[in-house]
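**Student:** So I've got this file, work.cif, and it contains mmCIF, C-alpha atoms and all ligand atoms:
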data_protein
loop_
_atom_site.label_atom_id
_atom_site.label_comp_id
_atom_site.auth_asym_id
_atom_site.auth_seq_id
_atom_site.Cartn_x
_atom_site.Cartn_y
_atom_site.Cartn_z
CA MET A 1 127.90 143.43 267.40
CA SER A 2 125.64 142.69 264.40
CA ILE A 3 127.22 142.17 260.99
CA GLY A 4 125.38 145.20 259.63
CA LYS A 5 126.80 147.41 262.36
CA GLN A 6 130.31 146.06 261.74
CA ILE A 7 130.02 146.87 258.03
CA ILE A 8 128.68 150.37 258.66
CA ASP A 9 131.36 151.07 261.25
CA ALA A 10 134.04 149.90 258.80
CA ALA A 11 132.68 152.27 256.15
CA LEU A 12 132.62 155.22 258.55
CA GLU A 13 136.13 154.41 259.85
CA LYS A 14 137.50 154.41 256.30
CA GLY A 15 136.06 157.88 255.71
CA ALA A 16 132.48 157.59 254.48
CA THR A 17 130.34 160.43 255.84
CA LEU A 18 127.22 158.24 256.04
CA ALA A 19 126.58 154.55 255.51
CA GLY A 20 123.58 152.23 255.57
CA ILE A 21 122.26 148.90 254.34
CA ALA A 22 119.39 148.48 251.85
CA ASP A 23 117.51 145.30 251.12
CA MET A 24 118.12 144.15 247.53
CA ALA A 25 114.58 142.84 247.03
CA ALA A 26 113.14 146.19 248.12
CA LEU A 27 115.52 148.01 245.80
CA LYS A 28 114.42 145.92 242.84
CA SER A 29 110.87 147.18 243.30
CA SER A 30 111.68 150.79 244.19
CA PRO A 31 110.00 153.74 242.40
CA SER A 32 112.81 154.26 239.89
CA HIS A 33 112.79 150.58 238.88
CA TRP A 34 109.08 150.82 238.33
CA ILE A 35 109.12 153.97 236.22
CA TYR A 36 112.40 153.58 234.30
CA PRO A 37 111.25 150.88 231.83
CA LYS A 38 108.24 153.04 230.94
CA MET A 39 110.28 156.14 230.17
CA GLY A 40 111.45 155.27 226.64
CA ASP A 41 114.07 157.62 225.14
CA TYR A 42 113.60 160.04 228.04
CA ALA A 43 115.48 157.56 230.25
CA GLY A 44 118.63 158.29 228.26
CA VAL A 45 118.68 162.07 228.82
CA GLY A 46 121.83 163.06 230.67
CA THR A 47 123.24 159.56 230.95
CA VAL A 48 125.66 157.54 228.78
CA LYS A 49 125.81 157.77 224.99
CA ASP A 50 124.15 155.27 222.66
CA GLY A 51 126.42 152.28 222.16
CA GLU A 52 127.81 152.46 225.69
CA THR A 53 124.74 150.96 227.30
CA LEU A 54 124.10 147.34 228.20
CA PRO A 55 121.44 145.62 226.07
CA TYR A 56 118.07 146.34 227.63
CA ASP A 57 117.50 142.74 228.79
CA GLN A 58 120.76 142.89 230.78
CA LEU A 59 119.76 145.95 232.79
CA PHE A 60 119.00 145.21 236.44
CA ASN A 61 120.41 141.72 235.88
CA TRP A 62 122.46 141.44 239.04
CA PRO A 63 123.79 138.19 240.61
CA ASP A 64 121.16 136.24 242.56
CA SER A 65 123.63 135.94 245.43
CA VAL A 66 123.27 139.67 246.17
CA LYS A 67 120.86 140.13 249.06
CA SER A 68 121.86 143.49 250.49
CA VAL A 69 123.44 146.75 249.37
CA LEU A 70 125.87 148.90 251.31
CA VAL A 71 125.25 152.57 250.43
CA ILE A 72 127.85 155.16 251.33
CA ALA A 73 127.66 158.94 251.11
CA LEU A 74 130.50 161.45 250.98
CA SER A 75 129.87 165.02 252.10
CA HIS A 76 130.33 167.58 249.29
CA PRO A 77 130.28 170.82 251.27
CA LYS A 78 129.90 174.17 249.60
CA ASP A 79 133.45 175.20 250.50
CA GLN A 80 134.91 172.22 248.58
CA PRO A 81 133.22 172.72 245.19
CA GLU A 82 136.12 171.06 243.37
CA LEU A 83 134.98 167.65 244.65
CA ASP A 84 132.16 167.90 242.11
CA TRP A 85 134.04 169.34 239.13
CA TRP A 86 134.04 167.14 236.06
CA ASP A 87 137.54 166.90 234.56
CA GLY A 88 136.80 164.73 231.54
CA LYS A 89 137.40 161.43 233.37
CA GLY A 90 135.14 161.93 236.36
CA THR A 91 135.10 164.02 239.51
CA PRO A 92 137.52 164.00 242.47
CA GLY A 93 134.56 163.22 244.78
CA ASN A 94 133.55 160.14 242.82
CA ARG A 95 137.15 158.93 242.68
CA ARG A 96 137.32 159.27 246.45
CA LEU A 97 134.09 157.29 246.78
CA MET A 98 135.47 154.53 244.55
CA GLY A 99 138.63 154.39 246.66
CA LEU A 100 136.55 154.09 249.81
CA VAL A 101 134.47 151.26 248.35
CA LYS A 102 137.67 149.43 247.41
CA GLN A 103 139.02 149.61 250.96
CA ILE A 104 135.71 148.74 252.61
CA ARG A 105 135.16 145.72 250.36
CA GLN A 106 138.61 144.33 251.20
CA GLN A 107 137.80 144.54 254.89
CA ILE A 108 134.33 142.96 254.48
CA GLU A 109 135.71 140.07 252.43
CA THR A 110 138.71 139.42 254.68
CA ASP A 111 137.29 140.00 258.16
CA LEU A 112 133.66 138.97 257.66
CA ASN A 113 134.04 136.46 254.84
CA ILE A 114 131.16 138.01 252.88
CA GLY A 115 131.25 138.12 249.07
CA THR A 116 130.94 141.58 247.51
CA HIS A 117 130.51 143.02 244.00
CA THR A 118 131.38 146.52 242.89
CA LEU A 119 129.04 148.17 240.42
CA HIS A 120 129.10 150.84 237.79
CA TYR A 121 128.00 154.42 238.44
CA TYR A 122 125.56 154.42 235.52
CA VAL A 123 122.39 152.38 235.64
CA GLU A 124 122.79 151.76 231.90
CA LYS A 125 126.14 150.07 232.59
CA GLY A 126 125.00 147.84 235.45
CA GLY A 127 124.62 150.28 238.35
CA VAL A 128 121.70 150.85 240.69
CA PHE A 129 119.50 153.87 241.29
CA LEU A 130 121.59 155.33 244.07
CA LYS A 131 119.00 157.70 245.52
CA ASP A 132 116.43 154.93 245.88
CA ALA A 133 119.09 152.73 247.49
CA ALA A 134 120.04 155.52 249.90
CA VAL A 135 116.42 156.08 250.96
CA LEU A 136 115.98 152.35 251.57
CA ALA A 137 119.21 152.36 253.59
CA GLY A 138 117.84 155.12 255.82
CA LEU A 139 120.25 157.88 254.76
CA GLY A 140 117.45 160.41 254.15
CA CYS A 141 114.43 161.08 251.94
CA ILE A 142 113.75 162.30 248.39
CA GLY A 143 113.20 166.05 248.64
CA GLU A 144 111.18 168.48 246.53
CA ASN A 145 114.41 169.03 244.57
CA ASN A 146 114.36 165.34 243.56
CA MET A 147 117.63 164.75 245.42
CA LEU A 148 118.41 162.62 248.44
CA VAL A 149 118.18 165.00 251.41
CA THR A 150 120.02 163.80 254.52
CA PRO A 151 119.31 165.17 258.02
CA ASP A 152 122.87 166.35 258.71
CA TYR A 153 124.22 167.34 255.29
CA GLY A 154 121.06 168.11 253.31
CA PRO A 155 121.42 167.14 249.64
CA ARG A 156 125.15 168.02 249.64
CA VAL A 157 126.35 164.42 249.49
CA ARG A 158 127.38 162.04 246.69
CA LEU A 159 126.64 158.35 246.70
CA ARG A 160 128.15 155.00 245.83
CA ALA A 161 127.12 151.39 246.57
CA LEU A 162 128.55 147.91 247.07
CA PHE A 163 126.62 144.66 246.62
CA LEU A 164 126.78 142.16 249.49
CA ASP A 165 126.18 138.39 249.26
CA ALA A 166 124.51 138.30 252.66
CA ASP A 167 121.08 138.90 254.06
CA ILE A 168 121.64 141.83 256.41
CA ALA A 169 118.92 143.75 258.22
CA PRO A 170 118.23 147.02 256.34
CA THR A 171 118.80 150.30 258.18
CA GLY A 172 115.93 152.18 256.53
CA PRO A 173 113.75 153.75 255.40
CA VAL A 174 113.47 156.33 258.18
CA ALA A 175 110.78 158.88 259.02
CA PHE A 176 112.25 162.21 257.91
CA ASP A 177 110.51 164.96 255.96
CA PRO A 178 112.13 168.39 256.02
CA CYS A 179 110.21 169.60 252.95
CA ALA A 180 106.82 169.60 254.63
CA ASP A 181 107.61 172.81 256.55
CA CYS A 182 109.91 174.43 254.00
CA LYS A 183 109.27 177.35 251.68
CA VAL A 184 110.56 175.14 248.87
CA PHE A 185 113.50 177.37 247.97
CA CYS A 186 114.96 174.68 245.72
CA ARG A 187 112.28 174.98 243.06
CA ARG A 188 112.35 178.75 242.90
CA VAL A 189 116.10 178.98 242.38
CA CYS A 190 116.36 176.71 239.34
CA PRO A 191 117.62 178.72 236.33
CA GLU A 192 115.80 176.44 233.88
CA ASN A 193 112.54 176.14 235.84
CA ALA A 194 113.10 172.40 235.71
CA MET A 195 110.75 171.81 238.63
CA GLU A 196 107.76 173.80 237.39
CA GLY A 197 105.75 170.93 235.97
CA LYS A 198 105.71 167.38 234.77
CA ALA A 199 107.96 166.45 231.86
CA PRO A 200 105.81 165.68 228.78
CA ALA A 201 107.54 162.28 228.52
CA LEU A 202 106.18 161.30 231.94
CA ALA A 203 102.71 162.80 231.61
CA SER A 204 101.34 159.79 229.76
CA ILE A 205 102.59 157.24 232.30
CA GLN A 206 99.64 156.08 234.28
CA ASP A 207 99.99 156.20 238.07
CA ALA A 208 103.20 158.26 237.83
CA VAL A 209 101.51 161.16 239.59
CA GLU A 210 104.05 161.43 242.39
CA LEU A 211 107.26 160.61 240.51
CA PRO A 212 109.86 161.95 240.36
CA ALA A 213 110.45 164.50 243.14
CA ARG A 214 107.29 163.78 245.17
CA ASP A 215 104.78 165.32 242.77
CA GLY A 216 106.27 164.56 239.38
CA ALA A 217 107.62 168.09 238.95
CA TYR A 218 111.16 167.44 237.76
CA ASN A 219 112.06 167.68 234.09
CA ARG A 220 115.42 166.10 233.32
CA ASN A 221 115.45 167.59 229.81
CA LEU A 222 115.45 171.10 231.26
CA CYS A 223 118.02 170.26 233.93
CA ASN A 224 120.19 168.66 231.29
CA ILE A 225 120.03 171.82 229.16
CA ARG A 226 121.64 173.63 232.09
CA MET A 227 124.35 170.94 232.23
CA GLU A 228 125.10 171.45 228.56
CA LYS A 229 125.36 175.18 229.15
CA ASP A 230 127.72 174.52 232.07
CA ALA A 231 129.89 172.37 229.79
CA ALA A 232 129.94 175.11 227.14
CA GLU A 233 130.94 177.69 229.79
CA SER A 234 133.99 175.61 230.72
CA ARG A 235 135.33 175.99 227.17
CA LYS A 236 134.92 179.75 227.13
CA THR A 237 137.90 180.55 229.28
CA GLY A 238 140.22 181.46 226.41
CA ALA A 239 142.73 178.87 227.58
CA GLU A 240 143.84 176.18 225.14
CA GLU A 241 142.47 173.36 227.25
CA PRO A 242 138.90 173.56 228.54
CA GLY A 243 138.64 173.97 232.31
CA PRO A 244 136.73 171.63 234.60
CA ILE A 245 132.96 171.66 234.24
CA LYS A 246 131.32 173.23 237.28
CA TYR A 247 127.85 171.80 237.05
CA CYS A 248 124.84 173.67 238.39
CA ARG A 249 124.07 172.82 241.99
CA LYS A 250 121.64 175.62 242.76
CA CYS A 251 118.77 173.40 243.95
CA GLU A 252 121.29 171.66 246.20
CA PHE A 253 123.11 174.65 247.71
CA ILE A 254 119.91 176.57 248.50
CA CYS A 255 118.45 173.79 250.66
CA PRO A 256 118.56 174.84 254.33
CA VAL A 257 118.81 171.28 255.65
CA GLY A 258 122.24 170.45 257.10
CA ARG A 259 123.35 174.04 256.53
CA LYS A 260 125.77 174.09 259.46
CA SER A 261 127.69 171.01 258.29
CA SER A 262 127.86 171.62 254.58
CA GLY A 263 126.90 175.17 253.67
CA SER A 264 123.87 176.71 252.03
CA ASP A 265 123.02 179.84 250.07
CA LEU A 266 120.40 181.09 252.49
C1 LIG A 301 121.07 160.33 235.05
C2 LIG A 301 121.46 161.21 236.20
C3 LIG A 301 121.28 162.58 236.05
C4 LIG A 301 120.56 163.18 234.82
C5 LIG A 301 119.06 162.98 234.96
C6 LIG A 301 118.60 163.19 236.39
C7 LIG A 301 117.23 162.63 236.74
N1 LIG A 301 116.93 162.58 238.00
O1 LIG A 301 116.44 162.25 235.92
C8 LIG A 301 121.03 164.65 234.90
C9 LIG A 301 122.30 164.73 234.09
C10 LIG A 301 120.05 165.71 234.40
C11 LIG A 301 121.36 164.77 236.39
C12 LIG A 301 121.36 165.96 237.10
C13 LIG A 301 121.79 166.07 238.42
N2 LIG A 301 122.39 165.11 239.14
CO1 LIG A 301 122.37 163.25 238.65
N3 LIG A 301 122.42 161.42 238.35
C14 LIG A 301 121.99 160.65 237.39
C15 LIG A 301 122.20 159.16 237.69
C16 LIG A 301 123.40 158.66 236.89
C17 LIG A 301 120.97 158.29 237.46
C18 LIG A 301 119.67 158.95 237.97
C19 LIG A 301 118.45 158.32 237.35
O2 LIG A 301 118.38 158.06 236.16
N4 LIG A 301 117.45 158.04 238.15
C20 LIG A 301 116.28 157.37 237.68
C21 LIG A 301 115.08 158.26 237.52
C22 LIG A 301 113.94 157.40 236.99
O3 LIG A 301 114.75 158.71 238.77
P1 LIG A 301 114.64 160.22 239.26
O4 LIG A 301 114.10 161.10 238.21
O5 LIG A 301 115.95 160.60 239.80
O6 LIG A 301 113.53 160.16 240.44
C23 LIG A 301 113.33 159.03 241.23
C24 LIG A 301 113.54 159.22 242.70
O7 LIG A 301 113.14 160.51 243.07
C25 LIG A 301 112.66 158.09 243.25
N5 LIG A 301 111.79 158.37 244.37
C26 LIG A 301 110.85 159.31 244.47
N6 LIG A 301 110.19 159.17 245.62
C27 LIG A 301 110.73 158.10 246.27
C28 LIG A 301 110.39 157.52 247.48
C29 LIG A 301 111.10 156.39 247.91
C30 LIG A 301 110.71 155.74 249.19
C31 LIG A 301 112.16 155.87 247.11
C32 LIG A 301 112.93 154.65 247.56
C33 LIG A 301 112.48 156.49 245.89
C34 LIG A 301 111.75 157.59 245.48
O8 LIG A 301 111.76 157.73 242.22
C35 LIG A 301 111.89 158.61 241.17
C36 LIG A 301 111.51 157.88 239.91
O9 LIG A 301 110.84 158.76 239.06
C37 LIG A 301 122.51 159.20 239.26
C38 LIG A 301 123.51 158.12 239.73
C39 LIG A 301 122.83 156.79 239.97
N7 LIG A 301 123.41 155.72 239.51
O10 LIG A 301 121.75 156.74 240.57
C40 LIG A 301 123.03 160.64 239.46
C41 LIG A 301 122.65 161.40 240.75
C42 LIG A 301 121.18 161.18 241.02
N8 LIG A 301 122.87 162.79 240.39
C43 LIG A 301 123.31 163.48 241.36
C44 LIG A 301 123.51 164.90 241.31
C45 LIG A 301 124.25 165.53 242.44
C46 LIG A 301 123.01 165.66 240.23
C47 LIG A 301 123.04 167.18 240.04
C48 LIG A 301 123.04 168.09 241.28
C49 LIG A 301 124.20 167.60 239.13
C50 LIG A 301 125.56 167.40 239.69
N9 LIG A 301 126.23 168.42 240.12
O11 LIG A 301 126.02 166.27 239.73
C51 LIG A 301 121.76 167.36 239.19
C52 LIG A 301 120.52 167.38 240.14
C53 LIG A 301 119.22 167.37 239.45
C54 LIG A 301 118.05 167.10 240.37
N10 LIG A 301 117.47 168.13 240.95
O12 LIG A 301 117.68 165.94 240.57
C55 LIG A 301 123.57 162.64 242.61
C56 LIG A 301 122.45 162.92 243.65
C57 LIG A 301 122.97 163.06 245.07
C58 LIG A 301 121.80 163.40 245.98
N11 LIG A 301 122.10 164.00 247.11
O13 LIG A 301 120.67 163.10 245.66
C59 LIG A 301 123.56 161.21 242.04
C60 LIG A 301 123.02 160.10 242.96
C61 LIG A 301 125.00 160.84 241.64
C62 LIG A 301 126.03 160.93 242.76
N12 LIG A 301 127.20 161.34 242.37
O14 LIG A 301 125.84 160.68 243.92
N13 LIG A 301 121.64 163.57 236.92
S1 LIG A 302 114.86 173.46 249.89
FE1 LIG A 302 113.17 172.82 251.24
S2 LIG A 302 111.68 171.81 249.87
FE2 LIG A 302 113.66 171.90 248.78
S3 LIG A 302 114.65 169.95 249.24
FE3 LIG A 302 115.38 171.42 250.79
S4 LIG A 302 113.95 171.15 252.52
FE4 LIG A 302 112.98 170.21 250.73
S1 LIG A 303 120.81 171.20 239.00
FE1 LIG A 303 120.36 173.35 238.37
S2 LIG A 303 119.18 173.16 236.44
FE2 LIG A 303 119.15 171.12 237.46
S3 LIG A 303 117.25 171.11 238.67
FE3 LIG A 303 118.91 171.82 240.03
S4 LIG A 303 118.84 174.08 239.88
FE4 LIG A 303 117.70 173.26 238.13
#
Now that the file is in, can you turn its structure into structure tokens?
Ligand code: B12
Ligand code: SF4
Ligand code: SF4

**Tutor:**
Amino acid sequence: MSIGKQIIDAALEKGATLAGIADMAALKSSPSHWIYPKMGDYAGVGTVKDGETLPYDQLFNWPDSVKSVLVIALSHPKDQPELDWWDGKGTPGNRRLMGLVKQIRQQIETDLNIGTHTLHYYVEKGGVFLKDAAVLAGLGCIGENNMLVTPDYGPRVRLRALFLDADIAPTGPVAFDPCADCKVFCRRVCPENAMEGKAPALASIQDAVELPARDGAYNRNLCNIRMEKDAAESRKTGAEEPGPIKYCRKCEFICPVGRKSSGSDL
């Protein structure tokens, strides 16, 4: 059995819903890596606060030994919304993903003698663009909602990655395009109309016609406004302590892809 298959099988056995391998060189030239340095202050919307970020010249400065990236996805079905609730330290879903990565890396290092490196969730703290990595690993495609859409679970998955010091054949990208024949429910349901047009911050970037979300129509400022409203709602309960933040997932839940496995609003 190939090494790639052994790694993917190990990830699935430990509890990942999906797993694949991306090529590190391809990831370093993916669409997000191309556009991010041109985005200026807009790149910081909805991410970590000033002062928590790595100096700019240390971003994307990963060890040369890393040749491949294991990408895992965990299903976040509609009937388990609590997986995605932010409790001040993170979400239960992300903690589960981190636990999975820990177990998988032990097995890869011990059984296959391959070096691994864990990485931060945030790009600004040393992480990778997880959606790009997932597309390159063959987990799905970027949909009109600007999310990774997977064939079996739609966009209702969360992602995490592990760096591998080994050249392993990538498992993607794959030919998959559910949006071509869809009535594009995701864009109509957004309470902030965040997918109605190009963000002003991106309009001046030459050749950025198709990014993000296929045609450039995703405005992270508007989406982030909704997130701030969601955070404010969590404090309105009258209780002494604020409740968990239940972030908006409307463009995710409405997507009909993978409806049977993970729920949808249709
Ligand atoms: C910052 C951030 C946010 C910010 C800004 C989002 C943004 N897209 O700009 C805010 C806070 C607003 C946000 C909102 C949400 N987020 Co968010 N977010 C992130 C984070 C930390 C980084 C994303 C980023 O900056 N990307 C870089 C910018 C430049 O890219 P982009 O705008 O996303 O678009 C790129 C891709 O579409 C790509 N692309 C387009 N076409 C193609 C084609 C190919 C072949 C390839 C390879 C790539 C590619 O290029 C575009 C570059 O412009 C990631 C985690 C991570 N480390 O990746 C999670 C992440 C993207 N978020 C996630 C989620 C779930 C959400 C929300 C649903 C809220 C929630 N409940 O968590 C909403 C969804 C909004 C939406 N419709 O996209 C998930 C997505 C899972 C999935 N199935 O896609 C991620 C991966 C985190 C996770 N836990 O798994 N998020
Ligand atoms: S709702 Fe339709 S257009 Fe939107 S992401 Fe899902 S399949 Fe694509
Ligand atoms: S998460 Fe909510 S506010 Fe953000 S793009 Fe999706 S539907 Fe719009």

**Student:** Please extract the residues at most 10 Å from ligand LIG 302 (chain A), counting only C-alpha atoms and all ligand atoms, and provide them as a ChimeraX atom specification, using the chain letters and residue numbers of this document.

**Tutor:** /A:141-151,154-155,177-189,213,251-258,264,266

**Student:** Please provide as a short mmCIF file (atom, residue, chain, number, x, y, z; two decimals) with C-alpha atoms, keeping the file's coordinate frame all residues within 12 Å of A:Asp50, with the sequence filter that same-chain residues fewer than 6 positions apart are discarded (counting only C-alpha atoms).

**Tutor:**
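Written file, out_31.cif:
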data_model
loop_
_atom_site.label_atom_id
_atom_site.label_comp_id
_atom_site.auth_asym_id
_atom_site.auth_seq_id
_atom_site.Cartn_x
_atom_site.Cartn_y
_atom_site.Cartn_z
CA ASP A 41 114.07 157.62 225.14
CA ALA A 43 115.48 157.56 230.25
CA GLY A 44 118.63 158.29 228.26
CA TYR A 56 118.07 146.34 227.63
CA GLU A 124 122.79 151.76 231.90
CA LYS A 125 126.14 150.07 232.59
#

**Student:** Contacts of A:Phe163 at 9 Å or less, counting only C-alpha atoms, minus same-chain residues fewer than 4 places along, as a short mmCIF file (atom, residue, chain, number, x, y, z; two decimals) with C-alpha atoms, in the frame of the given file?

**Tutor:**
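Below you can see out31.cif, which holds the result:
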data_model
loop_
_atom_site.label_atom_id
_atom_site.label_comp_id
_atom_site.auth_asym_id
_atom_site.auth_seq_id
_atom_site.Cartn_x
_atom_site.Cartn_y
_atom_site.Cartn_z
CA MET A 24 118.12 144.15 247.53
CA VAL A 66 123.27 139.67 246.17
CA LYS A 67 120.86 140.13 249.06
CA SER A 68 121.86 143.49 250.49
CA VAL A 69 123.44 146.75 249.37
CA LEU A 70 125.87 148.90 251.31
CA VAL A 71 125.25 152.57 250.43
CA GLY A 115 131.25 138.12 249.07
CA THR A 116 130.94 141.58 247.51
CA HIS A 117 130.51 143.02 244.00
CA THR A 118 131.38 146.52 242.89
CA LEU A 119 129.04 148.17 240.42
#

**Student:** Using all atoms listed in the file, collect all residues at a distance of at most 10 Å from (135.4, 154.9, 243.0) as written in the file, then present them as a ChimeraX atom specification.

**Tutor:** /A:90-102,118-121,160-161

**Student:** Emit the selected residues as a compact mmCIF listing (two decimals), in the coordinates of the input, including C-alpha atoms.

**Tutor:**
# COMPACT_ATOMS: atom_id res chain seq x y z
CA GLY A 90 135.14 161.93 236.36
CA THR A 91 135.10 164.02 239.51
CA PRO A 92 137.52 164.00 242.47
CA GLY A 93 134.56 163.22 244.78
CA ASN A 94 133.55 160.14 242.82
CA ARG A 95 137.15 158.93 242.68
CA ARG A 96 137.32 159.27 246.45
CA LEU A 97 134.09 157.29 246.78
CA MET A 98 135.47 154.53 244.55
CA GLY A 99 138.63 154.39 246.66
CA LEU A 100 136.55 154.09 249.81
CA VAL A 101 134.47 151.26 248.35
CA LYS A 102 137.67 149.43 247.41
CA THR A 118 131.38 146.52 242.89
CA LEU A 119 129.04 148.17 240.42
CA HIS A 120 129.10 150.84 237.79
CA TYR A 121 128.00 154.42 238.44
CA ARG A 160 128.15 155.00 245.83
CA ALA A 161 127.12 151.39 246.57

**Student:** Could you tell me how far atom C53 of ligand LIG 301 (chain A) lies from atom CA of A:Ala137, in Å and to one decimal?

**Tutor:**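 So the two atoms, atom C53 of ligand LIG 301 (chain A) and atom CA of A:Ala137, lie 20.6 Å apart.
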
**Student:** How far is it from atom CA of A:Asn219 to atom CA of A:Ser234, in Å with one decimal?

**Tutor:**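 Between these atoms lies a distance of 23.6 Å.
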
**Student:** Could you put an axis-aligned box around every listed atom of ligand LIG 303 (chain A), padded by 5 Å on each side, and send me its centre and edge lengths in Å to one decimal, as lines of an AutoDock Vina configuration file?

**Tutor:**
center_x = 119.0
center_y = 172.6
center_z = 238.2
size_x = 13.6
size_y = 13.0
size_z = 13.6

**Student:** If you measure from atom CA of A:Ala73 to atom CA of A:Ala19, what distance in Å do you get, rounded to one decimal?

**Tutor:**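 These atoms are spaced 6.3 Å apart.
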
**Student:** Between A:His33, A:Arg235, A:Lys89, A:Arg105, which has the minimum distance to ligand LIG 301 (chain A) (counting all atoms listed in the file)?

**Tutor:** A:His33

**Student:** Please, which residues have at least one atom within 6 Å of an atom of ligand LIG 303 (chain A), using only C-alpha atoms and all ligand atoms, listed as a PDB file with C-alpha atoms, in the frame of the given file?

**Tutor:**
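Result file selection_16.pdb:
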ATOM      1  CA  CYS A 190     116.360 176.710 239.340  1.00  0.00           C
ATOM      2  CA  PRO A 191     117.620 178.720 236.330  1.00  0.00           C
ATOM      3  CA  GLU A 192     115.800 176.440 233.880  1.00  0.00           C
ATOM      4  CA  ALA A 194     113.100 172.400 235.710  1.00  0.00           C
ATOM      5  CA  CYS A 223     118.020 170.260 233.930  1.00  0.00           C
ATOM      6  CA  ARG A 226     121.640 173.630 232.090  1.00  0.00           C
ATOM      7  CA  CYS A 248     124.840 173.670 238.390  1.00  0.00           C
ATOM      8  CA  ARG A 249     124.070 172.820 241.990  1.00  0.00           C
ATOM      9  CA  LYS A 250     121.640 175.620 242.760  1.00  0.00           C
ATOM     10  CA  CYS A 251     118.770 173.400 243.950  1.00  0.00           C
TER      11      CYS A 251
END

**Student:** So which residues touch A:Leu27 within 8 Å, counting all atoms listed in the file, skipping near sequence neighbours fewer than 5 positions away, as JSON, numbers by chain?

**Tutor:** {"A": [22, 33, 132, 133, 136]}

**Student:** For A:Met195, which residue out of A:Trp34, A:Trp86, A:Phe176, A:Tyr218 is the nearest one, using all atoms listed in the file?

**Tutor:**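 Looking at the shortest contact to A:Met195, the residue is A:Tyr218.
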
**Student:** Would you mind telling me which residue in A:Asp265, A:Glu233, A:Asp84, A:Asp152 lies nearest to ligand LIG 301 (chain A) when using all atoms listed in the file?

**Tutor:** A:Asp84

**Student:** Which one is closest to ligand LIG 301 (chain A): A:Val128, A:Ala166, A:Ala203, A:Ala16? Count only C-alpha atoms and all ligand atoms.

**Tutor:**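 Ranking A:Val128, A:Ala166, A:Ala203, A:Ala16 by distance to ligand LIG 301 (chain A), first place goes to A:Val128.
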
**Student:** Taking into account only C-alpha atoms and all ligand atoms, which residue in the set A:Ile114, A:Leu211, A:Ile108, A:Ala25 is nearest to ligand LIG 301 (chain A)?

**Tutor:** A:Leu211

**Student:** Which neighbours of A:Leu18 fall inside 9 Å, counting only C-alpha atoms, when residues of the same chain fewer than 6 positions from it are skipped, and could you give them as a PDB file with C-alpha atoms, keeping the file's coordinate frame?

**Tutor:**
ATOM      1  CA  ILE A   8     128.680 150.370 258.660  1.00  0.00           C
ATOM      2  CA  ALA A  11     132.680 152.270 256.150  1.00  0.00           C
ATOM      3  CA  LEU A  12     132.620 155.220 258.550  1.00  0.00           C
ATOM      4  CA  VAL A  71     125.250 152.570 250.430  1.00  0.00           C
ATOM      5  CA  ILE A  72     127.850 155.160 251.330  1.00  0.00           C
ATOM      6  CA  ALA A  73     127.660 158.940 251.110  1.00  0.00           C
ATOM      7  CA  LEU A  74     130.500 161.450 250.980  1.00  0.00           C
ATOM      8  CA  SER A  75     129.870 165.020 252.100  1.00  0.00           C
ATOM      9  CA  LEU A 139     120.250 157.880 254.760  1.00  0.00           C
TER      10      LEU A 139
END

**Student:** Looking at A:Leu164, A:Val45, A:Leu112, A:Leu130, which one is nearest to A:Asn224, with distances taken over only C-alpha atoms?

**Tutor:**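 With only C-alpha atoms as the atom set, the closest residue is A:Val45.
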
**Student:** Is there a way to complete stretch 140-149 of chain A with N, CA and C atoms and then write that out as a CSV table (one decimal), keeping the file's coordinate frame?

**Tutor:**
chain,number,residue,atom,x,y,z
A,140,GLY,N,118.2,159.2,254.2
A,140,GLY,CA,117.4,160.4,254.2
A,140,GLY,C,116.2,160.2,253.3
A,141,CYS,N,115.6,161.2,252.7
A,141,CYS,CA,114.4,161.1,251.9
A,141,CYS,C,114.6,161.8,250.6
A,142,ILE,N,113.7,161.5,249.6
A,142,ILE,CA,113.8,162.3,248.4
A,142,ILE,C,113.0,163.6,248.6
A,143,GLY,N,113.8,164.7,248.4
A,143,GLY,CA,113.2,166.0,248.6
A,143,GLY,C,112.5,166.6,247.4
A,144,GLU,N,111.9,167.8,247.6
A,144,GLU,CA,111.2,168.5,246.5
A,144,GLU,C,112.1,168.8,245.4
A,145,ASN,N,113.4,168.8,245.6
A,145,ASN,CA,114.4,169.0,244.6
A,145,ASN,C,114.8,167.7,243.8
A,146,ASN,N,114.1,166.7,244.2
A,146,ASN,CA,114.4,165.3,243.6
A,146,ASN,C,115.7,164.7,243.9
A,147,MET,N,116.3,165.3,245.0
A,147,MET,CA,117.6,164.8,245.4
A,147,MET,C,117.4,164.0,246.8
A,148,LEU,N,118.4,163.2,247.1
A,148,LEU,CA,118.4,162.6,248.4
A,148,LEU,C,118.8,163.8,249.4
A,149,VAL,N,117.9,164.0,250.4
A,149,VAL,CA,118.2,165.0,251.4
A,149,VAL,C,118.4,164.3,252.7
